[in-house]
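S.K.: Got a file for you: protein-v1.pdb, PDB, C-alpha atoms.
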ATOM      1  CA  MET A 388     -76.761  25.219 -57.342
ATOM      2  CA  LYS A 389     -73.753  26.835 -55.662
ATOM      3  CA  LYS A 390     -74.152  24.490 -52.705
ATOM      4  CA  THR A 391     -74.031  21.462 -55.023
ATOM      5  CA  LYS A 392     -70.795  22.703 -56.615
ATOM      6  CA  LEU A 393     -69.305  23.301 -53.195
ATOM      7  CA  VAL A 394     -70.252  19.773 -52.070
ATOM      8  CA  ARG A 395     -68.760  18.305 -55.256
ATOM      9  CA  LEU A 396     -65.582  20.306 -54.819
ATOM     10  CA  ALA A 397     -65.278  19.198 -51.181
ATOM     11  CA  LEU A 398     -65.881  15.571 -52.189
ATOM     12  CA  LEU A 399     -63.288  15.811 -54.954
ATOM     13  CA  ALA A 400     -60.747  17.320 -52.542
ATOM     14  CA  PHE A 401     -61.439  14.554 -50.015
ATOM     15  CA  VAL A 402     -60.982  11.817 -52.645
ATOM     16  CA  ALA A 403     -57.826  13.494 -53.993
ATOM     17  CA  TYR A 404     -56.431  13.534 -50.456
ATOM     18  CA  MET A 405     -57.455   9.981 -49.462
ATOM     19  CA  VAL A 406     -56.507   7.959 -52.559
ATOM     20  CA  PRO A 407     -52.733   8.554 -52.342
ATOM     21  CA  HIS A 408     -52.777   7.938 -48.570
ATOM     22  CA  THR A 409     -54.680   4.674 -49.030
ATOM     23  CA  LEU A 410     -52.304   3.533 -51.771
ATOM     24  CA  LEU A 411     -49.313   4.514 -49.646
ATOM     25  CA  ALA A 412     -50.648   2.443 -46.731
ATOM     26  CA  GLN A 413     -51.097  -0.551 -49.058
ATOM     27  CA  ASP A 414     -47.564  -0.069 -50.400
ATOM     28  CA  LYS A 415     -46.181   0.044 -46.844
ATOM     29  CA  ASP A 416     -48.058  -3.158 -45.942
ATOM     30  CA  ALA A 417     -46.744  -4.905 -49.065
ATOM     31  CA  GLU A 418     -43.187  -3.677 -48.442
ATOM     32  CA  LYS A 419     -43.337  -4.890 -44.829
ATOM     33  CA  LEU A 420     -44.593  -8.300 -45.978
ATOM     34  CA  LEU A 421     -41.816  -8.480 -48.597
ATOM     35  CA  SER A 422     -39.199  -7.629 -45.961
ATOM     36  CA  GLU A 423     -40.589 -10.251 -43.555
ATOM     37  CA  SER A 424     -40.590 -12.780 -46.396
ATOM     38  CA  ARG A 425     -36.909 -12.100 -47.131
ATOM     39  CA  ASP A 426     -36.105 -12.468 -43.420
ATOM     40  CA  ALA A 427     -38.021 -15.772 -43.242
ATOM     41  CA  LYS A 428     -36.174 -17.095 -46.316
ATOM     42  CA  ALA A 429     -32.841 -16.228 -44.686
ATOM     43  CA  ALA A 430     -33.965 -17.976 -41.475
ATOM     44  CA  PHE A 431     -34.959 -21.133 -43.383
ATOM     45  CA  ILE A 432     -31.566 -21.201 -45.114
ATOM     46  CA  LYS A 433     -29.736 -20.537 -41.826
ATOM     47  CA  THR A 434     -31.488 -23.544 -40.247
ATOM     48  CA  ASP A 435     -30.952 -25.731 -43.327
ATOM     49  CA  PRO A 436     -28.282 -24.354 -45.713
ATOM     50  CA  SER A 437     -29.146 -26.967 -48.355
ATOM     51  CA  MET A 438     -32.577 -25.326 -48.670
ATOM     52  CA  SER A 439     -30.942 -22.619 -50.809
ATOM     53  CA  ASP A 440     -30.847 -25.239 -53.590
ATOM     54  CA  LEU A 441     -34.629 -25.642 -53.386
ATOM     55  CA  PHE A 442     -35.149 -21.884 -53.525
ATOM     56  CA  ALA A 443     -32.903 -21.751 -56.623
ATOM     57  CA  SER A 444     -34.268 -24.805 -58.455
ATOM     58  CA  SER A 445     -38.017 -24.676 -57.764
ATOM     59  CA  TYR A 446     -40.347 -23.120 -60.328
ATOM     60  CA  GLY A 447     -41.784 -20.983 -57.531
ATOM     61  CA  TYR A 448     -42.486 -20.791 -53.838
ATOM     62  CA  VAL A 449     -44.610 -18.994 -51.277
ATOM     63  CA  ILE A 450     -43.176 -17.902 -47.946
ATOM     64  CA  PHE A 451     -45.400 -17.294 -44.929
ATOM     65  CA  HIS A 452     -43.185 -15.486 -42.426
ATOM     66  CA  LYS A 453     -45.624 -16.187 -39.578
ATOM     67  CA  ILE A 454     -48.795 -18.244 -39.298
ATOM     68  CA  GLY A 455     -50.746 -18.063 -36.065
ATOM     69  CA  LYS A 456     -52.651 -21.135 -34.925
ATOM     70  CA  GLY A 457     -54.836 -21.875 -31.929
ATOM     71  CA  GLY A 458     -57.609 -24.124 -30.822
ATOM     72  CA  PHE A 459     -59.652 -25.855 -28.197
ATOM     73  CA  ILE A 460     -61.756 -28.576 -29.866
ATOM     74  CA  VAL A 461     -62.344 -26.169 -32.781
ATOM     75  CA  GLY A 462     -59.288 -24.384 -34.080
ATOM     76  CA  GLY A 463     -58.036 -22.150 -36.790
ATOM     77  CA  SER A 464     -54.952 -20.605 -38.273
ATOM     78  CA  GLY A 465     -54.055 -17.878 -40.707
ATOM     79  CA  GLY A 466     -51.295 -15.764 -42.169
ATOM     80  CA  ASP A 467     -50.109 -13.808 -45.199
ATOM     81  CA  GLY A 468     -47.225 -14.664 -47.483
ATOM     82  CA  ILE A 469     -45.462 -13.650 -50.669
ATOM     83  CA  LEU A 470     -45.623 -15.775 -53.821
ATOM     84  CA  TYR A 471     -42.503 -15.969 -55.989
ATOM     85  CA  GLU A 472     -42.266 -17.216 -59.559
ATOM     86  CA  LYS A 473     -38.742 -17.985 -60.799
ATOM     87  CA  GLY A 474     -37.359 -15.931 -57.895
ATOM     88  CA  LYS A 475     -39.495 -12.824 -58.550
ATOM     89  CA  SER A 476     -42.229 -11.718 -56.118
ATOM     90  CA  ILE A 477     -45.589 -11.679 -57.919
ATOM     91  CA  GLY A 478     -48.286 -11.357 -55.258
ATOM     92  CA  VAL A 479     -49.730 -11.980 -51.816
ATOM     93  CA  VAL A 480     -51.182 -15.272 -50.609
ATOM     94  CA  LYS A 481     -53.514 -15.505 -47.629
ATOM     95  CA  THR A 482     -53.881 -18.836 -45.889
ATOM     96  CA  GLY A 483     -56.536 -20.001 -43.515
ATOM     97  CA  GLN A 484     -57.406 -23.249 -41.860
ATOM     98  CA  VAL A 485     -60.256 -24.551 -39.728
ATOM     99  CA  THR A 486     -59.841 -27.764 -37.736
ATOM    100  CA  VAL A 487     -62.078 -29.883 -35.542
ATOM    101  CA  GLY A 488     -60.959 -32.543 -33.091
ATOM    102  CA  ALA A 489     -58.879 -33.077 -30.005
ATOM    103  CA  GLN A 490     -56.711 -29.971 -29.788
ATOM    104  CA  VAL A 491     -55.564 -27.438 -27.258
ATOM    105  CA  GLY A 492     -53.010 -24.656 -27.358
ATOM    106  CA  GLY A 493     -51.589 -22.054 -29.635
ATOM    107  CA  GLN A 494     -48.463 -21.602 -31.702
ATOM    108  CA  THR A 495     -46.818 -19.591 -34.423
ATOM    109  CA  TYR A 496     -44.687 -21.007 -37.187
ATOM    110  CA  ARG A 497     -43.302 -20.061 -40.579
ATOM    111  CA  GLU A 498     -44.009 -22.069 -43.705
ATOM    112  CA  VAL A 499     -42.559 -22.306 -47.201
ATOM    113  CA  ILE A 500     -44.261 -24.171 -50.036
ATOM    114  CA  PHE A 501     -42.144 -25.043 -53.068
ATOM    115  CA  PHE A 502     -43.672 -25.611 -56.509
ATOM    116  CA  GLU A 503     -41.915 -28.057 -58.775
ATOM    117  CA  ASN A 504     -43.440 -26.820 -62.042
ATOM    118  CA  LYS A 505     -45.725 -24.274 -63.678
ATOM    119  CA  ASP A 506     -48.849 -26.428 -63.210
ATOM    120  CA  ALA A 507     -48.361 -26.600 -59.446
ATOM    121  CA  LEU A 508     -47.730 -22.852 -59.227
ATOM    122  CA  ASP A 509     -50.776 -22.153 -61.394
ATOM    123  CA  ARG A 510     -52.962 -24.098 -58.943
ATOM    124  CA  MET A 511     -51.813 -21.688 -56.237
ATOM    125  CA  LYS A 512     -52.376 -18.644 -58.459
ATOM    126  CA  GLN A 513     -55.895 -19.878 -59.220
ATOM    127  CA  SER A 514     -56.515 -20.428 -55.474
ATOM    128  CA  LYS A 515     -57.118 -24.131 -56.195
ATOM    129  CA  LEU A 516     -54.416 -25.463 -53.890
ATOM    130  CA  GLU A 517     -55.680 -27.056 -50.674
ATOM    131  CA  PHE A 518     -54.102 -29.322 -48.081
ATOM    132  CA  SER A 519     -56.263 -31.711 -46.128
ATOM    133  CA  ALA A 520     -53.522 -33.553 -44.247
ATOM    134  CA  GLN A 521     -50.936 -31.894 -42.067
ATOM    135  CA  VAL A 522     -48.505 -34.794 -42.447
ATOM    136  CA  SER A 523     -47.361 -33.329 -45.780
ATOM    137  CA  ALA A 524     -45.174 -30.717 -44.042
ATOM    138  CA  VAL A 525     -41.549 -31.406 -43.130
ATOM    139  CA  ALA A 526     -40.086 -29.735 -40.028
ATOM    140  CA  VAL A 527     -37.042 -27.695 -41.002
ATOM    141  CA  LYS A 528     -33.751 -28.835 -39.528
ATOM    142  CA  SER A 529     -30.272 -29.034 -40.959
ATOM    143  CA  GLY A 530     -30.226 -31.282 -44.030
ATOM    144  CA  ALA A 531     -34.000 -31.851 -44.120
ATOM    145  CA  SER A 532     -34.374 -30.385 -47.608
ATOM    146  CA  LYS A 533     -31.703 -32.633 -49.176
ATOM    147  CA  ASN A 534     -34.218 -35.468 -49.465
ATOM    148  CA  ALA A 535     -37.198 -33.264 -50.281
ATOM    149  CA  LYS A 536     -39.807 -34.957 -52.406
ATOM    150  CA  TYR A 537     -42.586 -33.238 -54.298
ATOM    151  CA  THR A 538     -46.116 -34.581 -53.970
ATOM    152  CA  ASP A 539     -48.363 -33.419 -56.810
ATOM    153  CA  GLY A 540     -45.708 -30.821 -57.615
ATOM    154  CA  VAL A 541     -45.641 -29.376 -54.071
ATOM    155  CA  SER A 542     -43.219 -29.679 -51.140
ATOM    156  CA  VAL A 543     -43.945 -28.036 -47.770
ATOM    157  CA  PHE A 544     -41.595 -27.084 -44.911
ATOM    158  CA  THR A 545     -42.477 -25.532 -41.556
ATOM    159  CA  GLU A 546     -40.424 -24.127 -38.713
ATOM    160  CA  ASP A 547     -41.829 -23.532 -35.219
ATOM    161  CA  LEU A 548     -41.459 -20.021 -33.852
ATOM    162  CA  SER A 549     -43.265 -20.158 -30.491
ATOM    163  CA  GLY A 550     -46.040 -21.768 -28.504
ATOM    164  CA  LEU A 551     -47.244 -25.301 -28.023
ATOM    165  CA  MET A 552     -50.117 -27.118 -29.687
ATOM    166  CA  ALA A 553     -51.318 -30.677 -29.138
ATOM    167  CA  GLU A 554     -53.747 -31.921 -31.747
ATOM    168  CA  ALA A 555     -55.364 -34.819 -33.526
ATOM    169  CA  THR A 556     -57.633 -32.981 -35.924
ATOM    170  CA  VAL A 557     -59.400 -33.003 -39.246
ATOM    171  CA  GLY A 558     -59.308 -29.857 -41.325
ATOM    172  CA  GLY A 559     -57.958 -28.234 -44.411
ATOM    173  CA  GLN A 560     -55.593 -25.395 -45.288
ATOM    174  CA  LYS A 561     -56.771 -23.110 -48.105
ATOM    175  CA  PHE A 562     -55.041 -20.350 -49.977
ATOM    176  CA  LYS A 563     -56.148 -17.137 -51.724
ATOM    177  CA  TYR A 564     -53.766 -15.437 -54.169
ATOM    178  CA  THR A 565     -53.841 -11.756 -55.144
ATOM    179  CA  ALA A 566     -51.363 -10.446 -57.738
ATOM    180  CA  PHE A 567     -49.422  -7.247 -57.064
TER     181      PHE A 567
END
Give the structure from the file, written as structure tokens.

M.R.:
Amino acid sequence: MKKTKLVRLALLAFVAYMVPHTLLAQDKDAEKLLSESRDAKAAFIKTDPSMSDLFASSYGYVIFHKIGKGGFIVGGSGGDGILYEKGKSIGVVKTGQVTVGAQVGGQTYREVIFFENKDALDRMKQSKLEFSAQVSAVAVKSGASKNAKYTDGVSVFTEDLSGLMAEATVGGQKFKYTAF
């Protein structure tokens, strides 16, 4: 009986020690992602100053500070981003993509997806947003966002960071949202 109480007490002490440390690690990861998101937003605006209007006028947006991509016949990509609704951060979005086709190389890039209205943002929050064609993204350069057009309430911009990728592929980009 005494041994059981001792085991329970040790287990309770272990849990009491681990829970705050686990939560602190999650908080540090979220804070780092938020900081990287702010830096990526500033970089987008530095490249295209008119993009600040999109950030201000869109119903919401998700910023992926870095997406890694690579492939040789079969490829994939992935990254984490922060979802904003009316300028306020509300959660984390994970993206992943699998592609098949003629492709070789690797690259990293940042991506921002703007949502024109609540319905478009809600599709992201419900993890129902998918892209099947990569032609929907606009490469960020000065003035590119001035003529931005929404397709089904969504407008996508990317900016290369490093690497080189040649591809003619079929695949789809999916998203998974988790609220803070």

S.K.: Between A:Val449, A:Ala443, A:Val491, A:Val479, single out the one closest to Lys419 in chain A, counting only C-alpha atoms.

M.R.: A:Val479

S.K.: Which residues fall under the PyMOL selection byres ((chain A and resi 461) around 10) in this file, as a ChimeraX atom specification?

M.R.: /A:457-460,462-463,485-491,556-558

S.K.: In Å, how far is it from CA of Ser422 in chain A to CA of Gly550 in chain A?

M.R.: 23.5 Å

S.K.: What do you get, as a VMD selection string, if you spell out every residue that the PyMOL selection byres ((chain A and resi 501) around 9) selects here?

M.R.: chain A and resid 441 to 442 445 to 450 499 to 500 502 to 503 508 537 540 to 544

S.K.: In Å, with one decimal, what is the gap from CA of Lys563 in chain A to CA of Thr495 in chain A?

M.R.: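 Between CA of Lys563 in chain A and CA of Thr495 in chain A the gap works out to 19.8 Å.
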
S.K.: When you look at Glu498 in chain A with a cut-off of 12 Å (counting only C-alpha atoms), what residues show up, excluding the ones that are within fewer than 5 positions of it in the same chain? I need them as a count of residues only.

M.R.: 31

S.K.: So how far away is CA of Asp506 in chain A from CA of Glu472 in chain A, in Å?

M.R.: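 CA of Asp506 in chain A lies at a distance of 11.9 Å from CA of Glu472 in chain A.
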
S.K.: Which neighbours of Leu516 in chain A fall inside 7 Å, counting all atoms listed in the file, when residues of the same chain fewer than 3 positions from it are skipped, and could you give them as a ChimeraX atom specification?

M.R.: /A:510-511,561-562

S.K.: Dump C-alpha atoms for the selected residues as a PDB file, in the coordinates of the input?

M.R.:
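Output below, filename out.pdb:
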ATOM      1  CA  ARG A 510     -52.962 -24.098 -58.943  1.00  0.00           C
ATOM      2  CA  MET A 511     -51.813 -21.688 -56.237  1.00  0.00           C
ATOM      3  CA  LYS A 561     -56.771 -23.110 -48.105  1.00  0.00           C
ATOM      4  CA  PHE A 562     -55.041 -20.350 -49.977  1.00  0.00           C
TER       5      PHE A 562
END

S.K.: Taking all atoms listed in the file into account, name the residue in A:Ser437, A:Thr565, A:Ser464, A:Ser514 that is nearest to Tyr496 in chain A.

M.R.: A:Ser464

S.K.: Looking at A:Leu420, A:Ser439, A:Phe567, A:Phe518, which one is nearest to Ser532 in chain A, with distances taken over all atoms listed in the file?

M.R.: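 So, comparing all the options, the nearest one is A:Ser439.
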
S.K.: Specify the axis-aligned box that encloses all atoms of range 504-511 of chain A listed in the file after padding of 3 Å on each side, stating its centre and edge lengths in Å to one decimal as AutoDock Vina command-line options.

M.R.:
--center_x -48.2 --center_y -24.3 --center_z -60.0 --size_x 15.5 --size_y 11.1 --size_z 13.4

S.K.: So, with all atoms listed in the file as the atoms that count, which of A:Tyr564, A:Thr538, A:Arg497, A:Ser549 lies closest to Ala429 in chain A?

M.R.: A:Arg497

S.K.: When distances are computed from only C-alpha atoms, which of A:Lys433, A:Lys536, A:Lys415, A:Lys456 shows the smallest separation from Gly483 in chain A?

M.R.: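 Counting only C-alpha atoms, the residue closest to Gly483 in chain A is A:Lys456.
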
S.K.: Kindly indicate which residue among A:Asn504, A:Gln560, A:Ser444, A:Glu423 lies nearest to Gly474 in chain A, using only C-alpha atoms for the distances.

M.R.: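 Looking at the shortest contact to Gly474 in chain A, the residue is A:Ser444.
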
S.K.: Step by step: locate range 445-487 of chain A in the block above, keep N, CA and C atoms, then write the file as a PDB file, in the first residue's frame.

M.R.:
ATOM      1  N   SER A 445      -7.698  42.927 -46.777  1.00  0.00           N
ATOM      2  CA  SER A 445      -8.218  41.560 -46.862  1.00  0.00           C
ATOM      3  C   SER A 445      -8.928  41.183 -45.560  1.00  0.00           C
ATOM      4  N   TYR A 446      -9.859  40.242 -45.667  1.00  0.00           N
ATOM      5  CA  TYR A 446     -10.569  39.770 -44.476  1.00  0.00           C
ATOM      6  C   TYR A 446      -9.605  38.998 -43.571  1.00  0.00           C
ATOM      7  N   GLY A 447      -8.649  38.320 -44.196  1.00  0.00           N
ATOM      8  CA  GLY A 447      -7.645  37.565 -43.457  1.00  0.00           C
ATOM      9  C   GLY A 447      -6.537  37.128 -44.380  1.00  0.00           C
ATOM     10  N   TYR A 448      -5.523  36.531 -43.793  1.00  0.00           N
ATOM     11  CA  TYR A 448      -4.402  36.018 -44.579  1.00  0.00           C
ATOM     12  C   TYR A 448      -3.629  35.006 -43.751  1.00  0.00           C
ATOM     13  N   VAL A 449      -2.899  34.159 -44.443  1.00  0.00           N
ATOM     14  CA  VAL A 449      -1.976  33.228 -43.786  1.00  0.00           C
ATOM     15  C   VAL A 449      -0.601  33.468 -44.390  1.00  0.00           C
ATOM     16  N   ILE A 450       0.396  33.557 -43.520  1.00  0.00           N
ATOM     17  CA  ILE A 450       1.769  33.766 -43.959  1.00  0.00           C
ATOM     18  C   ILE A 450       2.597  32.538 -43.604  1.00  0.00           C
ATOM     19  N   PHE A 451       3.208  31.946 -44.625  1.00  0.00           N
ATOM     20  CA  PHE A 451       4.172  30.867 -44.439  1.00  0.00           C
ATOM     21  C   PHE A 451       5.545  31.490 -44.630  1.00  0.00           C
ATOM     22  N   HIS A 452       6.305  31.624 -43.554  1.00  0.00           N
ATOM     23  CA  HIS A 452       7.605  32.297 -43.656  1.00  0.00           C
ATOM     24  C   HIS A 452       8.606  31.490 -44.469  1.00  0.00           C
ATOM     25  N   LYS A 453       8.450  30.158 -44.500  1.00  0.00           N
ATOM     26  CA  LYS A 453       9.351  29.329 -45.298  1.00  0.00           C
ATOM     27  C   LYS A 453       8.683  27.983 -45.581  1.00  0.00           C
ATOM     28  N   ILE A 454       8.608  27.655 -46.864  1.00  0.00           N
ATOM     29  CA  ILE A 454       8.122  26.349 -47.292  1.00  0.00           C
ATOM     30  C   ILE A 454       9.276  25.675 -48.020  1.00  0.00           C
ATOM     31  N   GLY A 455       9.589  24.471 -47.598  1.00  0.00           N
ATOM     32  CA  GLY A 455      10.640  23.697 -48.249  1.00  0.00           C
ATOM     33  C   GLY A 455      10.019  22.769 -49.273  1.00  0.00           C
ATOM     34  N   LYS A 456      10.697  22.626 -50.411  1.00  0.00           N
ATOM     35  CA  LYS A 456      10.148  21.826 -51.509  1.00  0.00           C
ATOM     36  C   LYS A 456      11.290  21.081 -52.185  1.00  0.00           C
ATOM     37  N   GLY A 457      11.054  19.836 -52.533  1.00  0.00           N
ATOM     38  CA  GLY A 457      12.076  19.074 -53.242  1.00  0.00           C
ATOM     39  C   GLY A 457      11.457  17.912 -53.980  1.00  0.00           C
ATOM     40  N   GLY A 458      12.159  17.445 -55.001  1.00  0.00           N
ATOM     41  CA  GLY A 458      11.628  16.303 -55.712  1.00  0.00           C
ATOM     42  C   GLY A 458      12.537  15.783 -56.800  1.00  0.00           C
ATOM     43  N   PHE A 459      12.326  14.525 -57.099  1.00  0.00           N
ATOM     44  CA  PHE A 459      12.911  13.852 -58.242  1.00  0.00           C
ATOM     45  C   PHE A 459      11.861  12.840 -58.675  1.00  0.00           C
ATOM     46  N   ILE A 460      11.115  13.143 -59.682  1.00  0.00           N
ATOM     47  CA  ILE A 460       9.946  12.408 -60.176  1.00  0.00           C
ATOM     48  C   ILE A 460       8.786  12.532 -59.186  1.00  0.00           C
ATOM     49  N   VAL A 461       8.992  12.112 -57.945  1.00  0.00           N
ATOM     50  CA  VAL A 461       7.994  12.322 -56.887  1.00  0.00           C
ATOM     51  C   VAL A 461       8.553  13.405 -55.977  1.00  0.00           C
ATOM     52  N   GLY A 462       7.710  14.346 -55.615  1.00  0.00           N
ATOM     53  CA  GLY A 462       8.177  15.447 -54.786  1.00  0.00           C
ATOM     54  C   GLY A 462       7.219  15.782 -53.671  1.00  0.00           C
ATOM     55  N   GLY A 463       7.647  16.677 -52.846  1.00  0.00           N
ATOM     56  CA  GLY A 463       6.798  17.111 -51.748  1.00  0.00           C
ATOM     57  C   GLY A 463       7.265  18.438 -51.203  1.00  0.00           C
ATOM     58  N   SER A 464       6.403  19.064 -50.450  1.00  0.00           N
ATOM     59  CA  SER A 464       6.738  20.325 -49.805  1.00  0.00           C
ATOM     60  C   SER A 464       5.957  20.433 -48.506  1.00  0.00           C
ATOM     61  N   GLY A 465       6.404  21.329 -47.654  1.00  0.00           N
ATOM     62  CA  GLY A 465       5.693  21.543 -46.402  1.00  0.00           C
ATOM     63  C   GLY A 465       6.229  22.736 -45.645  1.00  0.00           C
ATOM     64  N   GLY A 466       5.386  23.266 -44.775  1.00  0.00           N
ATOM     65  CA  GLY A 466       5.770  24.393 -43.932  1.00  0.00           C
ATOM     66  C   GLY A 466       4.641  24.764 -42.987  1.00  0.00           C
ATOM     67  N   ASP A 467       4.962  25.607 -42.024  1.00  0.00           N
ATOM     68  CA  ASP A 467       3.989  26.090 -41.041  1.00  0.00           C
ATOM     69  C   ASP A 467       3.823  27.591 -41.192  1.00  0.00           C
ATOM     70  N   GLY A 468       2.604  28.054 -40.962  1.00  0.00           N
ATOM     71  CA  GLY A 468       2.324  29.480 -41.058  1.00  0.00           C
ATOM     72  C   GLY A 468       1.365  29.941 -39.984  1.00  0.00           C
ATOM     73  N   ILE A 469       1.147  31.229 -39.952  1.00  0.00           N
ATOM     74  CA  ILE A 469       0.216  31.845 -38.997  1.00  0.00           C
ATOM     75  C   ILE A 469      -0.981  32.393 -39.764  1.00  0.00           C
ATOM     76  N   LEU A 470      -2.180  32.086 -39.266  1.00  0.00           N
ATOM     77  CA  LEU A 470      -3.414  32.581 -39.866  1.00  0.00           C
ATOM     78  C   LEU A 470      -3.876  33.823 -39.103  1.00  0.00           C
ATOM     79  N   TYR A 471      -4.220  34.856 -39.869  1.00  0.00           N
ATOM     80  CA  TYR A 471      -4.688  36.122 -39.308  1.00  0.00           C
ATOM     81  C   TYR A 471      -6.112  36.386 -39.783  1.00  0.00           C
ATOM     82  N   GLU A 472      -6.943  36.850 -38.878  1.00  0.00           N
ATOM     83  CA  GLU A 472      -8.298  37.272 -39.211  1.00  0.00           C
ATOM     84  C   GLU A 472      -8.435  38.729 -38.793  1.00  0.00           C
ATOM     85  N   LYS A 473      -8.725  39.598 -39.768  1.00  0.00           N
ATOM     86  CA  LYS A 473      -8.830  41.036 -39.523  1.00  0.00           C
ATOM     87  C   LYS A 473      -7.597  41.565 -38.784  1.00  0.00           C
ATOM     88  N   GLY A 474      -6.414  41.077 -39.192  1.00  0.00           N
ATOM     89  CA  GLY A 474      -5.152  41.548 -38.644  1.00  0.00           C
ATOM     90  C   GLY A 474      -4.702  40.894 -37.355  1.00  0.00           C
ATOM     91  N   LYS A 475      -5.522  40.027 -36.766  1.00  0.00           N
ATOM     92  CA  LYS A 475      -5.190  39.385 -35.487  1.00  0.00           C
ATOM     93  C   LYS A 475      -4.821  37.920 -35.718  1.00  0.00           C
ATOM     94  N   SER A 476      -3.682  37.483 -35.149  1.00  0.00           N
ATOM     95  CA  SER A 476      -3.269  36.087 -35.290  1.00  0.00           C
ATOM     96  C   SER A 476      -4.244  35.191 -34.524  1.00  0.00           C
ATOM     97  N   ILE A 477      -4.696  34.110 -35.203  1.00  0.00           N
ATOM     98  CA  ILE A 477      -5.704  33.240 -34.584  1.00  0.00           C
ATOM     99  C   ILE A 477      -5.301  31.766 -34.546  1.00  0.00           C
ATOM    100  N   GLY A 478      -4.225  31.388 -35.238  1.00  0.00           N
ATOM    101  CA  GLY A 478      -3.837  29.986 -35.201  1.00  0.00           C
ATOM    102  C   GLY A 478      -2.704  29.653 -36.151  1.00  0.00           C
ATOM    103  N   VAL A 479      -2.374  28.369 -36.171  1.00  0.00           N
ATOM    104  CA  VAL A 479      -1.284  27.840 -36.991  1.00  0.00           C
ATOM    105  C   VAL A 479      -1.874  27.035 -38.142  1.00  0.00           C
ATOM    106  N   VAL A 480      -1.280  27.181 -39.308  1.00  0.00           N
ATOM    107  CA  VAL A 480      -1.682  26.410 -40.483  1.00  0.00           C
ATOM    108  C   VAL A 480      -0.471  25.617 -40.953  1.00  0.00           C
ATOM    109  N   LYS A 481      -0.666  24.335 -41.156  1.00  0.00           N
ATOM    110  CA  LYS A 481       0.372  23.479 -41.736  1.00  0.00           C
ATOM    111  C   LYS A 481      -0.020  23.213 -43.179  1.00  0.00           C
ATOM    112  N   THR A 482       0.964  23.284 -44.067  1.00  0.00           N
ATOM    113  CA  THR A 482       0.707  22.981 -45.463  1.00  0.00           C
ATOM    114  C   THR A 482       1.592  21.828 -45.900  1.00  0.00           C
ATOM    115  N   GLY A 483       1.059  21.057 -46.803  1.00  0.00           N
ATOM    116  CA  GLY A 483       1.811  19.949 -47.369  1.00  0.00           C
ATOM    117  C   GLY A 483       1.371  19.719 -48.798  1.00  0.00           C
ATOM    118  N   GLN A 484       2.277  19.207 -49.584  1.00  0.00           N
ATOM    119  CA  GLN A 484       1.976  18.977 -50.985  1.00  0.00           C
ATOM    120  C   GLN A 484       2.753  17.755 -51.448  1.00  0.00           C
ATOM    121  N   VAL A 485       2.109  16.941 -52.272  1.00  0.00           N
ATOM    122  CA  VAL A 485       2.766  15.822 -52.931  1.00  0.00           C
ATOM    123  C   VAL A 485       2.559  16.015 -54.422  1.00  0.00           C
ATOM    124  N   THR A 486       3.645  15.851 -55.200  1.00  0.00           N
ATOM    125  CA  THR A 486       3.560  16.016 -56.645  1.00  0.00           C
ATOM    126  C   THR A 486       4.202  14.825 -57.349  1.00  0.00           C
ATOM    127  N   VAL A 487       3.724  14.571 -58.552  1.00  0.00           N
ATOM    128  CA  VAL A 487       4.272  13.505 -59.384  1.00  0.00           C
ATOM    129  C   VAL A 487       4.459  14.065 -60.783  1.00  0.00           C
TER     130      VAL A 487
END
